[in-house]
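Trainee: Questions regarding the structure given below will be posed in turn.
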2 protein chains.
Amino acid sequence: MNDRIYSISELAKEFGVSTRTIRFYEEKGLVHPRREGQKRLFSNTDRVRIKLILRGKRIGLSLAECVEIIDMYQPGHNNEEQLHSLIGRVQERRAMLLQQKQDIDDMLARLDEIQSLCEHALPGVTATPADPKTDRNRL
Amino acid sequence: MNDRIYSISELAKEFGVSTRTIRFYEEKGLVHPRREGQKRLFSNTDRVRIKLILRGKRIGLSLAECVEIIDMYQPGHNNEEQLHSLIGRVQERRAMLLQQKQDIDDMLARLDEIQSLCEHALPGVTATPADPKTDRNRL
DNA sequence: AATTACGTTTACGTTAACGTCAACTTGGTG
DNA sequence: CACCAAGTTGACGTTAACGTAAACGTAATT
């Protein structure tokens with residue numbers, strides 16, 4: 001059941017953040033490590049939450065927004081009224097994410113243009129051989 | 001050639017930001033409105049730049065990062081050395097954007113799960129009839 | 001006993017991206 | 001003219017998300 005425990009520096013290293021950051025997340029109630037004396041003991045649940053937070057941050061969500069999404073479905077809180085409002089929030093989020101994907105595609109298109117301009121302006125056209133896995137110009 | 005001029009409040013309204021925000025963007029050198037006495041006169045170029053900035057912000061870029069992308073290709077600055085480093089930066093950006101798309105897809109998947117859980121927990125399963133244009137569960 | 005590694009708390013500092021407010025100018029309108 | 005709407009320039013305030021530094025605890029190693 002992957003019930004390892006993790007030290008703070010272990011997680012900090014795994015995710016490439018400072019220990020200060022993780023302590024900050026605890027202050028904000030984003031994770032709830034147990035204590036052994038003073039030492040924090042992080043569960044795998046905590047670890048996953050951190051992972052989700054960082055994923056949210058990468059797409060520009062605030063910490064508050066990350067938590068909102070992470071904690072959206074708390075089983076037990078299942079009153080019919082609440083479920084419907086939850087579905088509403090899910091829909092809103094979905095719309096925002098789709099907008100973001102559109103924005104990203106627009107930017108990728110711009111980058112393609114720029115790169116193309118660069119390569120035309122270069123003497124020996126040294127176009128990287130186009131890795132088929134990532135080539136956005138392929139058919 | 002779409003060479004209208006725009007007032008600050010006109011642009012503020014169009015993009016749903018405050019005039020303060022636009023003045024702030026000028027302070028930071030993101031736009032360069034001409035002046036008629038004191039009044040700022042925004043060109044269509046300025047308008048497009050603001051649009052691009054807001055697009056960048058939606059996906060979590062800082063203003064500095066937005067400018068970096070917007071101003072990436074300045075024709076004239078075309079020294080071979082610089083073109084290559086520019087292509088490098090373009091590649092980095094592309095990688096980040098692809099990572100973001102992945103993150104967004106992961107989140108959309110989570111949202112799908114949550115919604116599914118909600119709907120199963122509801123008495124009359126009132127699943128919205130699934131618009132085929134946006135239904136992420138379709139085959 | 002001293003050093004090293006890892007951890008802790010407390011507290012103040014920092015940066016970005018604006019918001020807010022006050023005091024002023026300018027261009028029309030009744 | 002009196003007045004209002006829209007604009008201007010400072011200048012200070014604010015929030016989020018950490019960074020940084022000081023001063024200390026604990027456990028293992030030398």
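In the structure tokens, chains take the letters A, B, ... in the order shown, each chain's residues start at 1, and ligands count up from 1 in the order shown.
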Considering only C-alpha atoms (C1' of nucleotides), return as a ChimeraX atom specification whatever protein or nucleic-acid residues lie within 9 Å of segment 31-47 of chain A, sequence-local ones (same chain, fewer than 3 positions apart) excluded.
Mentor: /A:2-8,11,22-23,25-28,50-52 /C:7-8 /D:25
Trainee: Just write the chosen residues, C-alpha atoms (C1' of nucleotides), as a PDB file, in the first residue's frame.
Mentor:
ATOM      1  CA  ASN A   2       2.897   2.426  -0.515  1.00  0.00           C
ATOM      2  CA  ASP A   3       2.835   3.662   3.072  1.00  0.00           C
ATOM      3  CA  ARG A   4       6.395   4.827   3.138  1.00  0.00           C
ATOM      4  CA  ILE A   5       7.240   7.912   5.111  1.00  0.00           C
ATOM      5  CA  TYR A   6       9.315  10.718   3.703  1.00  0.00           C
ATOM      6  CA  SER A   7      11.539  13.321   5.287  1.00  0.00           C
ATOM      7  CA  ILE A   8      11.162  16.922   4.328  1.00  0.00           C
ATOM      8  CA  LEU A  11      10.517  15.420  -0.779  1.00  0.00           C
ATOM      9  CA  ILE A  22       7.220  22.602   2.011  1.00  0.00           C
ATOM     10  CA  ARG A  23       7.033  24.088   5.492  1.00  0.00           C
ATOM     11  CA  TYR A  25       2.691  24.562   2.460  1.00  0.00           C
ATOM     12  CA  GLU A  26       2.166  23.056   5.878  1.00  0.00           C
ATOM     13  CA  GLU A  27       1.558  26.480   7.430  1.00  0.00           C
ATOM     14  CA  LYS A  28      -1.099  26.986   4.798  1.00  0.00           C
ATOM     15  CA  ILE A  50       2.550  18.226  -3.137  1.00  0.00           C
ATOM     16  CA  LYS A  51       2.809  16.714  -6.567  1.00  0.00           C
ATOM     17  CA  LEU A  52      -0.663  17.961  -7.452  1.00  0.00           C
TER      18      LEU A  52
ATOM     19  C1'  DG C   7      15.993  19.364  11.280  1.00  0.00           C
ATOM     20  C1'  DT C   8      13.288  23.036  13.968  1.00  0.00           C
TER      21       DT C   8
ATOM     22  C1'  DG D  25      17.855  20.794  18.971  1.00  0.00           C
TER      23       DG D  25
END
Trainee: Could you produce a table of the residues of chain B lying within 9 Å of chain C, with the nearest pair of atoms per residue and their separation in Å rounded to one decimal, using only C-alpha atoms (C1' of nucleotides), ordered by chain and increasing residue number, as a Markdown table?
Mentor:
| residue | atom | partner | partner_atom | distance |
| --- | --- | --- | --- | --- |
| B:Arg20 | CA | C:DC18 | C1' | 7.7 |
| B:Thr21 | CA | C:DC18 | C1' | 6.5 |
| B:Phe24 | CA | C:DC18 | C1' | 7.8 |
| B:Gln38 | CA | C:DT25 | C1' | 8.8 |
| B:Ser62 | CA | C:DA16 | C1' | 8.1 |
| B:Leu63 | CA | C:DA17 | C1' | 8.7 |
Trainee: Can you tell me which residues surround Lys101 of chain A at a distance of at most 10 Å, considering only C-alpha atoms (C1' of nucleotides), apart from same-chain residues fewer than 5 positions away, and format the answer as a list in words?
Mentor: Ala95, Met96, Asp106 and Met107 of chain A; Ile59, Leu97, Leu98, Gln100, Lys101, Gln102, Ile104 and Asp105 of chain B
Trainee: Generate the output file for the selected residues, N, CA and C atoms, as a JSON list (two decimals), in the first residue's frame.
Mentor:
[["chain", "number", "residue", "atom", "x", "y", "z"],
["A", 95, "ALA", "N", -13.79, 24.62, -18.25],
["A", 95, "ALA", "CA", -13.79, 25.69, -19.25],
["A", 95, "ALA", "C", -12.48, 26.47, -19.21],
["A", 96, "MET", "N", -12.01, 26.77, -18.00],
["A", 96, "MET", "CA", -10.76, 27.52, -17.91],
["A", 96, "MET", "C", -9.61, 26.73, -18.50],
["A", 106, "ASP", "N", -2.12, 28.67, -29.37],
["A", 106, "ASP", "CA", -1.84, 29.92, -30.07],
["A", 106, "ASP", "C", -0.36, 30.30, -29.92],
["A", 107, "MET", "N", 0.13, 30.14, -28.71],
["A", 107, "MET", "CA", 1.53, 30.49, -28.48],
["A", 107, "MET", "C", 2.46, 29.56, -29.23],
["B", 59, "ILE", "N", -2.06, 31.70, -18.90],
["B", 59, "ILE", "CA", -1.39, 30.40, -18.71],
["B", 59, "ILE", "C", -0.27, 30.50, -17.68],
["B", 97, "LEU", "N", 5.54, 24.67, -22.77],
["B", 97, "LEU", "CA", 4.13, 24.69, -23.16],
["B", 97, "LEU", "C", 3.57, 23.28, -23.30],
["B", 98, "LEU", "N", 4.39, 22.39, -23.84],
["B", 98, "LEU", "CA", 3.92, 21.01, -23.99],
["B", 98, "LEU", "C", 3.71, 20.37, -22.62],
["B", 100, "GLN", "N", 2.86, 21.97, -20.00],
["B", 100, "GLN", "CA", 1.62, 22.55, -19.48],
["B", 100, "GLN", "C", 0.39, 21.87, -20.06],
["B", 101, "LYS", "N", 0.48, 21.57, -21.35],
["B", 101, "LYS", "CA", -0.67, 20.88, -21.95],
["B", 101, "LYS", "C", -0.88, 19.53, -21.28],
["B", 102, "GLN", "N", 0.23, 18.87, -21.00],
["B", 102, "GLN", "CA", 0.13, 17.59, -20.31],
["B", 102, "GLN", "C", -0.53, 17.77, -18.94],
["B", 104, "ILE", "N", -2.49, 20.08, -17.99],
["B", 104, "ILE", "CA", -3.91, 20.41, -18.15],
["B", 104, "ILE", "C", -4.73, 19.15, -18.44],
["B", 105, "ASP", "N", -4.19, 18.29, -19.30],
["B", 105, "ASP", "CA", -4.91, 17.06, -19.60],
["B", 105, "ASP", "C", -5.05, 16.19, -18.35]]
Trainee: With all C-alpha atoms paired in order, what RMSD does the least-squares fit of chain B onto chain A leave?
Mentor: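 Pairing the C-alpha atoms in order and fitting gives 0.3 Å.
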Trainee: Give the residues of chain D that lie within 9 Å of chain A; count only C-alpha atoms (C1' of nucleotides), and format the answer as a list in words.
Mentor: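 Listing them in order of chain and number gives DA16, DA17, DC18, DG19 and DG25 of chain D.
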Trainee: Based on the selection just made, write C-alpha atoms (C1' of nucleotides) of those residues as an mmCIF file, in the first residue's frame.
Mentor:
data_model
loop_
_atom_site.group_PDB
_atom_site.id
_atom_site.type_symbol
_atom_site.label_atom_id
_atom_site.label_comp_id
_atom_site.auth_asym_id
_atom_site.auth_seq_id
_atom_site.Cartn_x
_atom_site.Cartn_y
_atom_site.Cartn_z
ATOM 1 C "C1'" DA D 16 0.882 35.822 -2.540
ATOM 2 C "C1'" DA D 17 4.606 32.939 -2.255
ATOM 3 C "C1'" DC D 18 8.221 32.198 -0.806
ATOM 4 C "C1'" DG D 19 13.708 33.662 0.644
ATOM 5 C "C1'" DG D 25 17.855 20.794 18.971
#
Trainee: Quick check, in Å to one decimal: how far apart do atom CA of Gly29 of chain B and atom CA of Arg89 of chain B lie?
Mentor: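 Computing the Euclidean distance for atom CA of Gly29 of chain B and atom CA of Arg89 of chain B yields 21.5 Å.
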Trainee: Could you list, as a PyMOL selection string, the residues of chain B having an atom within 7 Å of chain A when counting only C-alpha atoms?
Mentor: chain B and resi 55+58-60+73+80+83+87+90+94+97+100-101+103-104+108+111+114-115+118+122
Trainee: Could you please write out, as a list in words, every residue of chain B that DSSP assigns to strand (DSSP E)?
Mentor: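 For chain B, the strand (DSSP E) set is Arg34, Arg35, Glu36, Lys39, Arg40 and Leu41 of chain B.
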Trainee: Restricting the output to N, CA and C atoms, write the selected residues as a PDB file, in the first residue's frame.
Mentor:
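File produced: result-v8.pdb:
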ATOM      1  N   ARG B  34       1.468  56.855 -27.767  1.00  0.00           N
ATOM      2  CA  ARG B  34       1.900  58.227 -28.029  1.00  0.00           C
ATOM      3  C   ARG B  34       1.121  59.143 -27.096  1.00  0.00           C
ATOM      4  N   ARG B  35       1.489  60.393 -27.117  1.00  0.00           N
ATOM      5  CA  ARG B  35       0.788  61.346 -26.274  1.00  0.00           C
ATOM      6  C   ARG B  35       0.200  62.468 -27.120  1.00  0.00           C
ATOM      7  N   GLU B  36      -0.950  62.899 -26.701  1.00  0.00           N
ATOM      8  CA  GLU B  36      -1.524  64.129 -27.234  1.00  0.00           C
ATOM      9  C   GLU B  36      -1.711  64.993 -26.003  1.00  0.00           C
ATOM     10  N   LYS B  39      -2.890  63.076 -22.657  1.00  0.00           N
ATOM     11  CA  LYS B  39      -3.640  61.870 -23.003  1.00  0.00           C
ATOM     12  C   LYS B  39      -2.796  60.833 -23.747  1.00  0.00           C
ATOM     13  N   ARG B  40      -3.020  59.597 -23.362  1.00  0.00           N
ATOM     14  CA  ARG B  40      -2.344  58.492 -24.055  1.00  0.00           C
ATOM     15  C   ARG B  40      -3.165  58.069 -25.270  1.00  0.00           C
ATOM     16  N   LEU B  41      -2.470  57.859 -26.367  1.00  0.00           N
ATOM     17  CA  LEU B  41      -3.126  57.374 -27.573  1.00  0.00           C
ATOM     18  C   LEU B  41      -2.547  56.010 -27.921  1.00  0.00           C
TER      19      LEU B  41
END
Trainee: Report the distance between atom CA of Glu68 of chain A and atom CA of Phe15 of chain A in Å, rounded to one decimal place.
Mentor: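 Interatomic distance here is 21.1 Å.
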Trainee: Could you pull out the helix (DSSP H, G or I) residues of segment 18-112 of chain B from DSSP and send them as a PyMOL selection string?
Mentor: chain B and resi 19-27+44-58+63-70+80-112
Trainee: Any idea what the distance is between atom CA of Arg49 of chain B and atom CA of Glu65 of chain B?
Mentor: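 Calculated distance between atom CA of Arg49 of chain B and atom CA of Glu65 of chain B is 13.1 Å.
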